[in-house]
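One structure below.
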Protein chains: 2
Amino acid sequence: MFRFFTAIFFALLWMPASAQSTLTLQEKLGYDKLAKLLIIHADDLGSSQSENAASFYAMENGSVNSGSIMVPCPWFEQVVDYAKTHPRADLGIHLTLNSEWRLYKWGPVSDPGEVKSLLDKNHYFPDNLGHVAEHAKIEEVEKELKAQIQIALDRGIDLTHLDTHMGAMALRPDLMRLYMKLGRDFNLPVMVSKQEWSDFSKTEKDLSENAPVVLENIYVAAPDDYKNGMTSYYTKILQNLKPGVHTILMHTGYDNDEMRSITTGHEAYGAKWRQQDFDFFISDLCKKLLLENRIQLITWGEIKEKLMP
Amino acid sequence: MFRFFTAIFFALLWMPASAQSTLTLQEKLGYDKLAKLLIIHADDLGSSQSENAASFYAMENGSVNSGSIMVPCPWFEQVVDYAKTHPRADLGIHLTLNSEWRLYKWGPVSDPGEVKSLLDKNHYFPDNLGHVAEHAKIEEVEKELKAQIQIALDRGIDLTHLDTHMGAMALRPDLMRLYMKLGRDFNLPVMVSKQEWSDFSKTEKDLSENAPVVLENIYVAAPDDYKNGMTSYYTKILQNLKPGVHTILMHTGYDNDEMRSITTGHEAYGAKWRQQDFDFFISDLCKKLLLENRIQLITWGEIKEKLMP
């Protein structure tokens with residue numbers, strides 16, 4: 001199977017550029033045009049013991065096949081440890097500019113004095129996106145995010161991609177440009193959807209140097225989806241997935257004392273929410289839906305290997 | 001009762017200095033010379049959700065009557081929150097220069113670039129005391145520890161004392177001098193035992209400006225005490241307590257997933273150890289032993305109020 005895809009992949013390298021540019025992402029990756037490809041992606045690795053334990057379990061026993069790491073968080077070292085013992089785990093950097101919970105905090109990995117525009121009054125990352133949009137100086141964001149990526153590389157993690165915690169990098173065009181630049185600087189694919197790319201294109205004149213891997217859809221449950229039931233939400237996504245490369249972003253965590261304290265006062269993305277993400281993505285139902293709907297799982301590592309070797 | 005002690009206390013203020021200097025600490029505090037006074041002290045507040053939740057419970061429902069806070073740790077904000085809603089809680093600063101666990105880390109509150117001698121190769125506080133003894137520059141220690149104290153004060157915590165995480169401030173005479181200086185600078189009593197004071201006195205010529213509140217004993221369970229049973233260890237301390245002002249330092253925590261992960265690979269001061277500390281100090285047995293042995297609980301707040309008004 002691998003040799004078949006490899007053959008298609010290398011055949012593509014010989015195609016004229018004009019023909020390649022009309023290819024879909026799935027074709028560029030060596031799959032059929034009608035292939036339904038999906039990355040099931042756990043955010044927030046490193047953020048807590050609960051999140052780490054549940055996500056590691058779901059990657060090994062469930063359908064979760066990728067995840068991204070918050071380097072500034074207290075449990076980052078547990079991910080470093082996991083990556084060492086699980087070298088095939090598909091791990092990226094969840095570029096972090098926010099510390100969103102009230103009782104449990106983190107701040108920059110850079111010297112705080114050098115990234116003052118990224119801090120709230122108590123010297124943590126701010127708990128809201130508005131603060132980032134209004135105050136973050138682009139050169140300080142670059143300094144901090146390069147440091148986050150470099151620390152993970154220095155600790156021996158074989159990174160496969162970059163994405164953005166709470167979507168902060170899509171807040172302003174200059175942040176979006178930096179997001180793409182970080183991908184180029186570190187030769188890593190950057191997670192961006194067609195919708196985000198289209199919004200960004202409206203403000204950008206020259207996109208030639210910013211050609212990222214654009215995903216068909218990035219699915220994330222919203223509070224209404226949670227109210228209507230997560231099983232129903234994820235089931236519908238899997239049953240109606242169109243051809244293309246998609247991702248579902250979610251947060252596998254355990255509804256335990258630690259997570260309940262972390263998410264105090266937040267129903268959205270709270271402890272019960274994360275437990276339901278976990279429950280669905282380790283379930284037999286999820287595995288059955290993937291099979292029945294002929295959905296193939298793909299990792300960021302595979303995308304990077306094929307398109308950014 | 002309060003008025004009686006207050007009367008004794010103010011009477012002491014009128015005594016000649018020579019007479020005062022021969023008084024025991026318990027007498028200086030307005031108690032009888034034969035009084036057995038005890039502070040039951042929970043270390044490591046702020047270090048984890050498990051530690052916080054267990055310690056708050058034990059302060060409200062058990063015999064724990066004092067504790068100290070690790071400002072650089074991820075759960076510090078939960079202590080800030082607790083202090084706001086429990087203004088009578090007796091809280092000091094657990095001056096922190098170490099991050100002792102393998103998978104769960106913290107570092108300085110100062111700019112790391114300005115306290116480089118306090119960091120390990122991954123920019124956390126080191127996991128061992130040897131690193132502090134060998135590398136910590138005294139001016140960087142002062143900068144960092146003043147910042148830790150000031151942050152707690154700025155966040156509105158009415159501090160009652162200072163003590164030292166893992167005993168790091170007793171590692172070198174210059175650290176011990178700084179420990180005393182921080183107490184003077186912030187007008188807070190500093191936790192030190194007769195044994196520590198005696199050791200320190202051997203290297204110090206002039207102790208006149210360093211007159212702290214010296215405790216008769218600081219009791220901390222050692223690995224052998226844990227092996228022989230914590231109930232037995234604490235019972236013996238309470239049954240054999242001599243007149244004077246003493247403290248028992250311990251670590252109330254829950255033996256749950258978070259604490260087991262934090263203390264991975266450490267039996268000493270591990271999850272089961274902390275659960276046993278919790279179990280004893282919320283027990284009726286502990287309350288009964290205090291009563292039977294006529295032990296009076298005293299807080300650092302009372303000591304500060306009477307001796308450093």
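We label chains A, B, ... in the order they appear in the structure tokens, count residues from 1 in each chain, and number ligands from 1 in the order shown.
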Would you list the contacts of segment 161-165 of chain A as a ChimeraX atom specification, taking every protein, DNA or RNA residue within 7 Å and counting only C-alpha atoms, but skipping same-chain residues closer than 3 positions in sequence?
-> /A:92-96,168-169,183,188-191,300
I need the chosen residues saved as a JSON list (two decimals), in the first residue's frame, with N, CA, C and O atoms.
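Wrote it out as result_0.json, contents follow:
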```json
[["chain", "number", "residue", "atom", "x", "y", "z"],
["A", 92, "GLY", "N", 2.44, 18.39, 16.97],
["A", 92, "GLY", "CA", 2.79, 19.73, 16.51],
["A", 92, "GLY", "C", 2.83, 20.70, 17.67],
["A", 92, "GLY", "O", 2.70, 20.31, 18.83],
["A", 93, "ILE", "N", 3.01, 21.96, 17.33],
["A", 93, "ILE", "CA", 3.01, 23.00, 18.37],
["A", 93, "ILE", "C", 1.71, 23.78, 18.30],
["A", 93, "ILE", "O", 1.31, 24.28, 17.25],
["A", 94, "HIS", "N", 1.04, 23.85, 19.44],
["A", 94, "HIS", "CA", -0.19, 24.64, 19.59],
["A", 94, "HIS", "C", 0.27, 26.04, 20.02],
["A", 94, "HIS", "O", 0.34, 26.33, 21.22],
["A", 95, "LEU", "N", 0.63, 26.87, 19.06],
["A", 95, "LEU", "CA", 1.22, 28.19, 19.35],
["A", 95, "LEU", "C", 0.32, 28.94, 20.34],
["A", 95, "LEU", "O", -0.87, 29.13, 20.09],
["A", 96, "THR", "N", 0.91, 29.36, 21.45],
["A", 96, "THR", "CA", 0.10, 29.79, 22.59],
["A", 96, "THR", "C", 0.36, 31.24, 22.96],
["A", 96, "THR", "O", 1.49, 31.63, 23.24],
["A", 168, "ALA", "N", -5.76, 32.33, 17.80],
["A", 168, "ALA", "CA", -5.22, 33.69, 17.94],
["A", 168, "ALA", "C", -4.48, 34.18, 16.70],
["A", 168, "ALA", "O", -4.51, 35.38, 16.38],
["A", 169, "MET", "N", -3.86, 33.26, 15.95],
["A", 169, "MET", "CA", -3.06, 33.69, 14.79],
["A", 169, "MET", "C", -3.93, 34.15, 13.63],
["A", 169, "MET", "O", -3.43, 34.73, 12.66],
["A", 183, "GLY", "N", 5.85, 28.70, 9.66],
["A", 183, "GLY", "CA", 5.81, 27.44, 8.92],
["A", 183, "GLY", "C", 6.99, 27.32, 7.97],
["A", 183, "GLY", "O", 7.67, 26.29, 7.91],
["A", 188, "LEU", "N", 7.51, 23.51, 8.45],
["A", 188, "LEU", "CA", 6.41, 22.73, 9.02],
["A", 188, "LEU", "C", 5.09, 23.18, 8.39],
["A", 188, "LEU", "O", 4.88, 24.38, 8.20],
["A", 189, "PRO", "N", 4.20, 22.25, 8.07],
["A", 189, "PRO", "CA", 2.88, 22.67, 7.60],
["A", 189, "PRO", "C", 2.12, 23.40, 8.72],
["A", 189, "PRO", "O", 2.30, 23.08, 9.90],
["A", 190, "VAL", "N", 1.32, 24.35, 8.29],
["A", 190, "VAL", "CA", 0.57, 25.20, 9.22],
["A", 190, "VAL", "C", -0.91, 24.88, 9.03],
["A", 190, "VAL", "O", -1.38, 24.77, 7.90],
["A", 191, "MET", "N", -1.63, 24.71, 10.12],
["A", 191, "MET", "CA", -3.04, 24.36, 10.00],
["A", 191, "MET", "C", -3.88, 25.58, 9.65],
["A", 191, "MET", "O", -3.96, 26.53, 10.43],
["A", 300, "TRP", "N", -0.47, 14.73, 10.15],
["A", 300, "TRP", "CA", 0.33, 15.87, 9.69],
["A", 300, "TRP", "C", 1.73, 15.40, 9.27],
["A", 300, "TRP", "O", 2.33, 15.96, 8.36]]
```
Once you count only C-alpha atoms, what closest atom pair and distance in Å to one decimal does each residue of chain B within 6 Å of chain A have, with rows by chain and rising residue number, as JSON lines?
```
{"residue": "B:Gln49", "atom": "CA", "partner": "A:Glu258", "partner_atom": "CA", "distance": 5.9}
{"residue": "B:Pro74", "atom": "CA", "partner": "A:Lys105", "partner_atom": "CA", "distance": 5.6}
{"residue": "B:Trp75", "atom": "CA", "partner": "A:Tyr104", "partner_atom": "CA", "distance": 5.1}
{"residue": "B:Glu77", "atom": "CA", "partner": "A:Leu103", "partner_atom": "CA", "distance": 4.8}
{"residue": "B:Gln78", "atom": "CA", "partner": "A:Leu103", "partner_atom": "CA", "distance": 4.7}
{"residue": "B:Leu103", "atom": "CA", "partner": "A:Gln78", "partner_atom": "CA", "distance": 4.7}
{"residue": "B:Tyr104", "atom": "CA", "partner": "A:Trp75", "partner_atom": "CA", "distance": 5.1}
{"residue": "B:Lys105", "atom": "CA", "partner": "A:Pro74", "partner_atom": "CA", "distance": 5.6}
{"residue": "B:Asp111", "atom": "CA", "partner": "A:Asp111", "partner_atom": "CA", "distance": 5.0}
{"residue": "B:Pro112", "atom": "CA", "partner": "A:Asp111", "partner_atom": "CA", "distance": 5.8}
{"residue": "B:Glu258", "atom": "CA", "partner": "A:Gln49", "partner_atom": "CA", "distance": 5.8}
```
Could you please write out, as a PDB file with C-alpha atoms, in the first residue's frame, every residue of segment 88-202 of chain B that DSSP assigns to strand (DSSP E)?
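Output file out12.pdb is given in full below:
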```pdb
ATOM      1  CA  LEU B  91      -0.669  32.150  54.959  1.00  0.00           C
ATOM      2  CA  GLY B  92       3.039  32.737  54.450  1.00  0.00           C
ATOM      3  CA  ILE B  93       5.425  32.483  51.538  1.00  0.00           C
ATOM      4  CA  HIS B  94       7.185  29.178  50.888  1.00  0.00           C
ATOM      5  CA  LEU B  95      10.265  30.821  49.332  1.00  0.00           C
ATOM      6  CA  LEU B 162       8.230  33.314  55.491  1.00  0.00           C
ATOM      7  CA  ASP B 163       9.608  29.824  55.231  1.00  0.00           C
ATOM      8  CA  THR B 164      11.794  27.912  52.817  1.00  0.00           C
ATOM      9  CA  VAL B 192      13.818  28.858  61.867  1.00  0.00           C
ATOM     10  CA  SER B 193      14.502  26.232  64.532  1.00  0.00           C
TER      11      SER B 193
END
```
Just the residues within 8 Å of Lys36 of chain B, please, counting only C-alpha atoms, with nothing from its chain fewer than 2 positions along; format it as a count of residues only.
-> 11
Got a sec: who's within 8 Å of Thr247 of chain B, counting only C-alpha atoms, leaving out chain neighbours fewer than 3 positions off, as a list in words?
->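 The residues that qualify are Leu38, Ile39, Ile40, His41, Leu215, Asn217, Ile218 and Tyr219 of chain B.
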Quick one: pull the distance between atom CA of Leu297 of chain A and atom CA of Leu37 of chain A, Å, one decimal.
->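 Atom-to-atom, atom CA of Leu297 of chain A and atom CA of Leu37 of chain A are spaced 5.7 Å apart.
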Name all residues at most 12 Å from segment 263-275 of chain B (count only C-alpha atoms; drop same-chain ones fewer than 3 positions away) and give them as a ChimeraX atom specification.
-> /A:49,78 /B:42-44,47-48,50-55,58,99-105,166,220-231,249-260,278-282
So that I have them on file, write out the residues from the current selection with N, CA and C atoms, as a short mmCIF file (atom, residue, chain, number, x, y, z; two decimals), in the first residue's frame.
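What landed in again37.cif:
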```cif
data_model
loop_
_atom_site.label_atom_id
_atom_site.label_comp_id
_atom_site.auth_asym_id
_atom_site.auth_seq_id
_atom_site.Cartn_x
_atom_site.Cartn_y
_atom_site.Cartn_z
N GLN A 49 -2.51 17.47 33.58
CA GLN A 49 -2.32 16.02 33.69
C GLN A 49 -3.52 15.30 33.09
N GLN A 78 5.78 16.35 30.59
CA GLN A 78 5.17 15.03 30.46
C GLN A 78 5.00 14.67 28.97
N ALA B 42 0.88 23.36 56.65
CA ALA B 42 0.85 22.69 55.34
C ALA B 42 1.75 23.45 54.37
N ASP B 43 2.78 22.76 53.89
CA ASP B 43 3.66 23.36 52.89
C ASP B 43 3.04 23.23 51.49
N ASP B 44 3.67 23.91 50.54
CA ASP B 44 3.44 23.67 49.10
C ASP B 44 2.08 24.12 48.58
N SER B 47 1.06 24.53 44.67
CA SER B 47 1.84 23.65 43.81
C SER B 47 0.98 22.77 42.92
N SER B 48 -0.24 22.44 43.35
CA SER B 48 -1.11 21.61 42.50
C SER B 48 -2.55 21.75 42.98
N SER B 50 -4.46 19.20 43.66
CA SER B 50 -4.60 18.21 44.72
C SER B 50 -4.13 18.78 46.06
N GLU B 51 -2.96 19.40 46.05
CA GLU B 51 -2.40 19.98 47.29
C GLU B 51 -3.32 21.10 47.81
N ASN B 52 -3.76 21.96 46.93
CA ASN B 52 -4.64 23.05 47.35
C ASN B 52 -5.93 22.53 47.95
N ALA B 53 -6.61 21.65 47.22
CA ALA B 53 -7.93 21.19 47.67
C ALA B 53 -7.82 20.48 49.02
N ALA B 54 -6.82 19.61 49.16
CA ALA B 54 -6.67 18.87 50.42
C ALA B 54 -6.29 19.81 51.56
N SER B 55 -5.41 20.77 51.27
CA SER B 55 -4.95 21.67 52.34
C SER B 55 -6.07 22.61 52.79
N ALA B 58 -8.33 20.64 54.94
CA ALA B 58 -7.74 20.33 56.25
C ALA B 58 -7.65 21.57 57.14
N SER B 99 12.31 23.19 41.70
CA SER B 99 11.17 22.57 41.02
C SER B 99 11.53 21.09 40.98
N GLU B 100 11.04 20.33 41.96
CA GLU B 100 11.64 19.04 42.30
C GLU B 100 11.09 17.83 41.55
N TRP B 101 9.99 18.01 40.81
CA TRP B 101 9.39 16.83 40.15
C TRP B 101 9.84 16.76 38.70
N ARG B 102 9.68 15.58 38.10
CA ARG B 102 10.25 15.37 36.79
C ARG B 102 9.33 15.81 35.64
N LEU B 103 8.03 15.58 35.80
CA LEU B 103 7.10 15.79 34.66
C LEU B 103 6.29 17.08 34.77
N TYR B 104 6.45 17.81 35.85
CA TYR B 104 5.59 18.95 36.16
C TYR B 104 6.50 20.03 36.73
N LYS B 105 6.63 21.15 36.02
CA LYS B 105 7.72 22.08 36.31
C LYS B 105 7.26 23.52 36.50
N MET B 166 11.98 23.12 50.74
CA MET B 166 13.07 22.13 50.80
C MET B 166 14.25 22.61 51.65
N VAL B 220 9.56 17.38 60.75
CA VAL B 220 9.20 16.96 59.39
C VAL B 220 9.45 15.46 59.30
N ALA B 221 8.48 14.72 58.80
CA ALA B 221 8.66 13.27 58.68
C ALA B 221 9.76 12.95 57.67
N ALA B 222 10.56 11.97 57.99
CA ALA B 222 11.61 11.48 57.09
C ALA B 222 11.15 10.13 56.52
N PRO B 223 11.81 9.65 55.46
CA PRO B 223 11.39 8.37 54.86
C PRO B 223 11.22 7.23 55.86
N ASP B 224 12.09 7.16 56.87
CA ASP B 224 11.94 6.09 57.86
C ASP B 224 10.66 6.23 58.68
N ASP B 225 10.31 7.48 58.98
CA ASP B 225 9.05 7.71 59.72
C ASP B 225 7.87 7.23 58.90
N TYR B 226 7.94 7.51 57.58
CA TYR B 226 6.86 7.08 56.67
C TYR B 226 6.76 5.55 56.65
N LYS B 227 7.91 4.91 56.59
CA LYS B 227 7.91 3.43 56.55
C LYS B 227 7.33 2.85 57.84
N ASN B 228 7.61 3.51 58.96
CA ASN B 228 7.11 3.01 60.24
C ASN B 228 5.67 3.42 60.51
N GLY B 229 5.10 4.23 59.64
CA GLY B 229 3.69 4.62 59.81
C GLY B 229 3.56 6.05 60.28
N MET B 230 2.85 6.85 59.50
CA MET B 230 2.74 8.27 59.82
C MET B 230 1.91 8.51 61.08
N THR B 231 0.88 7.72 61.30
CA THR B 231 0.05 7.90 62.50
C THR B 231 0.92 7.74 63.73
N LEU B 249 5.79 20.50 60.06
CA LEU B 249 5.64 20.79 58.63
C LEU B 249 5.17 19.52 57.93
N MET B 250 4.11 19.64 57.15
CA MET B 250 3.70 18.46 56.37
C MET B 250 3.00 18.92 55.10
N HIS B 251 2.52 17.94 54.35
CA HIS B 251 2.05 18.20 52.98
C HIS B 251 0.72 17.51 52.76
N THR B 252 -0.35 18.22 53.03
CA THR B 252 -1.67 17.64 52.83
C THR B 252 -2.01 17.63 51.34
N GLY B 253 -2.20 16.44 50.79
CA GLY B 253 -2.58 16.31 49.38
C GLY B 253 -3.41 15.05 49.19
N TYR B 254 -4.09 14.97 48.06
CA TYR B 254 -4.87 13.77 47.76
C TYR B 254 -4.07 12.83 46.87
N ASP B 255 -4.17 11.55 47.17
CA ASP B 255 -3.54 10.51 46.34
C ASP B 255 -4.43 10.28 45.12
N ASN B 256 -4.37 11.21 44.16
CA ASN B 256 -5.19 11.08 42.94
C ASN B 256 -4.28 11.09 41.70
N ASP B 257 -4.91 11.01 40.52
CA ASP B 257 -4.13 10.93 39.27
C ASP B 257 -3.12 12.06 39.14
N GLU B 258 -3.57 13.28 39.44
CA GLU B 258 -2.67 14.44 39.31
C GLU B 258 -1.45 14.27 40.22
N MET B 259 -1.71 13.97 41.51
CA MET B 259 -0.59 13.88 42.46
C MET B 259 0.30 12.68 42.16
N ARG B 260 -0.31 11.58 41.73
CA ARG B 260 0.53 10.42 41.38
C ARG B 260 1.44 10.74 40.19
N PHE B 278 -2.71 14.13 55.11
CA PHE B 278 -4.09 14.62 55.13
C PHE B 278 -4.94 13.81 56.11
N ASP B 279 -4.88 12.49 55.97
CA ASP B 279 -5.72 11.61 56.79
C ASP B 279 -5.49 11.86 58.28
N PHE B 280 -4.20 11.99 58.66
CA PHE B 280 -3.94 12.19 60.09
C PHE B 280 -4.44 13.56 60.57
N PHE B 281 -4.16 14.58 59.80
CA PHE B 281 -4.45 15.94 60.32
C PHE B 281 -5.90 16.38 60.16
N ILE B 282 -6.73 15.52 59.55
CA ILE B 282 -8.18 15.77 59.63
C ILE B 282 -8.84 14.79 60.61
#
```
Just the residues within 12 Å of Asp185 of chain B, please, counting only C-alpha atoms, with nothing from its chain fewer than 6 positions along; format it as a list in words.
-> Glu142, Leu145, Lys146, Ile149, Gln150, Leu162, Leu178, Tyr179 and Asn210 of chain B
So which residues touch Ala89 of chain A within 12 Å, counting only C-alpha atoms, skipping near sequence neighbours fewer than 6 positions away, as a list of chain:residue names?
->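 Listed by chain and then number, they are A:His41, A:Ala42, A:Ser55, A:Phe56, A:Tyr57, A:Ala58, A:Met59, A:Glu60, A:Val64, A:Asn65, A:Ser66, A:Gly67, A:Ser68, A:Ile69, A:Val79, A:Val80, A:Asp81, A:Tyr82, A:Ala83, A:Ile157, A:Asp158, A:Leu159, A:Thr160, A:Thr299, A:Trp300, A:Gly301, A:Glu302.
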Dump as a compact mmCIF listing (two decimals), in the first residue's frame, selection limited to N, CA, C and O atoms:
```txt
# COMPACT_ATOMS: atom_id res chain seq x y z
N HIS A 41 -7.67 15.39 15.78
CA HIS A 41 -6.59 16.18 16.39
C HIS A 41 -6.95 16.64 17.81
O HIS A 41 -7.92 17.36 18.03
N ALA A 42 -6.13 16.23 18.77
CA ALA A 42 -6.32 16.65 20.17
C ALA A 42 -5.50 17.90 20.45
O ALA A 42 -4.27 17.87 20.35
N SER A 55 -5.51 12.23 26.45
CA SER A 55 -5.12 12.32 25.04
C SER A 55 -4.17 11.18 24.66
O SER A 55 -4.29 10.60 23.58
N PHE A 56 -3.22 10.88 25.54
CA PHE A 56 -2.30 9.78 25.26
C PHE A 56 -3.10 8.46 25.12
O PHE A 56 -2.85 7.66 24.22
N TYR A 57 -4.06 8.29 26.04
CA TYR A 57 -4.89 7.07 25.97
C TYR A 57 -5.65 7.02 24.65
O TYR A 57 -5.70 5.98 23.98
N ALA A 58 -6.23 8.15 24.26
CA ALA A 58 -7.05 8.19 23.05
C ALA A 58 -6.21 8.03 21.78
O ALA A 58 -6.68 7.52 20.77
N MET A 59 -4.95 8.45 21.83
CA MET A 59 -4.07 8.25 20.68
C MET A 59 -3.66 6.78 20.54
O MET A 59 -3.47 6.29 19.44
N GLU A 60 -3.55 6.12 21.69
CA GLU A 60 -3.11 4.72 21.64
C GLU A 60 -4.26 3.74 21.48
O GLU A 60 -4.09 2.69 20.87
N VAL A 64 -7.96 9.02 17.82
CA VAL A 64 -7.19 10.25 17.76
C VAL A 64 -5.81 9.93 17.15
O VAL A 64 -5.15 9.00 17.60
N ASN A 65 -5.41 10.67 16.12
CA ASN A 65 -4.15 10.31 15.47
C ASN A 65 -3.17 11.48 15.35
O ASN A 65 -2.16 11.39 14.66
N SER A 66 -3.47 12.59 16.02
CA SER A 66 -2.57 13.74 15.98
C SER A 66 -2.89 14.64 17.17
O SER A 66 -3.97 14.54 17.77
N GLY A 67 -1.94 15.51 17.51
CA GLY A 67 -2.20 16.43 18.62
C GLY A 67 -1.19 17.55 18.61
O GLY A 67 -0.19 17.50 17.90
N SER A 68 -1.49 18.60 19.39
CA SER A 68 -0.51 19.69 19.43
C SER A 68 -0.28 20.17 20.85
O SER A 68 -1.15 20.11 21.72
N ILE A 69 0.94 20.66 21.06
CA ILE A 69 1.52 20.85 22.39
C ILE A 69 1.57 22.32 22.78
O ILE A 69 2.01 23.16 21.99
N VAL A 79 4.80 15.69 28.13
CA VAL A 79 4.70 15.44 26.69
C VAL A 79 6.09 15.12 26.11
O VAL A 79 6.23 14.24 25.26
N VAL A 80 7.10 15.84 26.58
CA VAL A 80 8.47 15.54 26.17
C VAL A 80 8.77 14.07 26.46
O VAL A 80 9.30 13.33 25.62
N ASP A 81 8.41 13.65 27.66
CA ASP A 81 8.62 12.27 28.10
C ASP A 81 7.86 11.29 27.21
O ASP A 81 8.40 10.27 26.79
N TYR A 82 6.61 11.64 26.92
CA TYR A 82 5.77 10.78 26.07
C TYR A 82 6.36 10.67 24.66
O TYR A 82 6.41 9.58 24.07
N ALA A 83 6.80 11.80 24.12
CA ALA A 83 7.34 11.82 22.76
C ALA A 83 8.58 10.92 22.66
O ALA A 83 8.80 10.25 21.65
N ILE A 157 11.62 16.68 20.27
CA ILE A 157 10.32 16.31 19.70
C ILE A 157 10.36 16.52 18.17
O ILE A 157 10.71 17.59 17.70
N ASP A 158 10.01 15.47 17.44
CA ASP A 158 10.03 15.50 15.97
C ASP A 158 8.70 16.11 15.50
O ASP A 158 7.74 15.41 15.20
N LEU A 159 8.66 17.44 15.43
CA LEU A 159 7.40 18.14 15.16
C LEU A 159 6.89 17.89 13.75
O LEU A 159 7.68 17.78 12.81
N THR A 160 5.56 17.83 13.63
CA THR A 160 4.95 17.58 12.31
C THR A 160 4.15 18.78 11.79
O THR A 160 3.82 18.82 10.61
N THR A 299 -2.13 11.73 8.92
CA THR A 299 -1.47 12.54 9.95
C THR A 299 -0.80 13.76 9.31
O THR A 299 -0.54 13.80 8.11
N TRP A 300 -0.47 14.73 10.15
CA TRP A 300 0.33 15.87 9.69
C TRP A 300 1.73 15.40 9.27
O TRP A 300 2.33 15.96 8.36
N GLY A 301 2.20 14.36 9.93
CA GLY A 301 3.51 13.82 9.57
C GLY A 301 3.55 13.35 8.12
O GLY A 301 4.52 13.60 7.40
N GLU A 302 2.46 12.68 7.70
CA GLU A 302 2.40 12.21 6.31
C GLU A 302 2.34 13.40 5.34
O GLU A 302 3.01 13.41 4.31
```
As a list in words, please: all residues of segment 194-232 of chain B that backbone DSSP puts in helix (DSSP H, G or I).
-> Lys194, Gln195, Glu196, Trp197, Ser198, Asp199, Phe200, Ser201, Lys202, Thr203, Ser208, Glu209, Asn210, Pro223, Asp224, Asp225, Tyr226, Lys227, Asn228, Met230, Thr231 and Ser232 of chain B
So, counting only C-alpha atoms, which residue among A:Ala35, A:Val214, A:Ile248, A:Leu182 is closest to Trp197 of chain A?
-> A:Val214
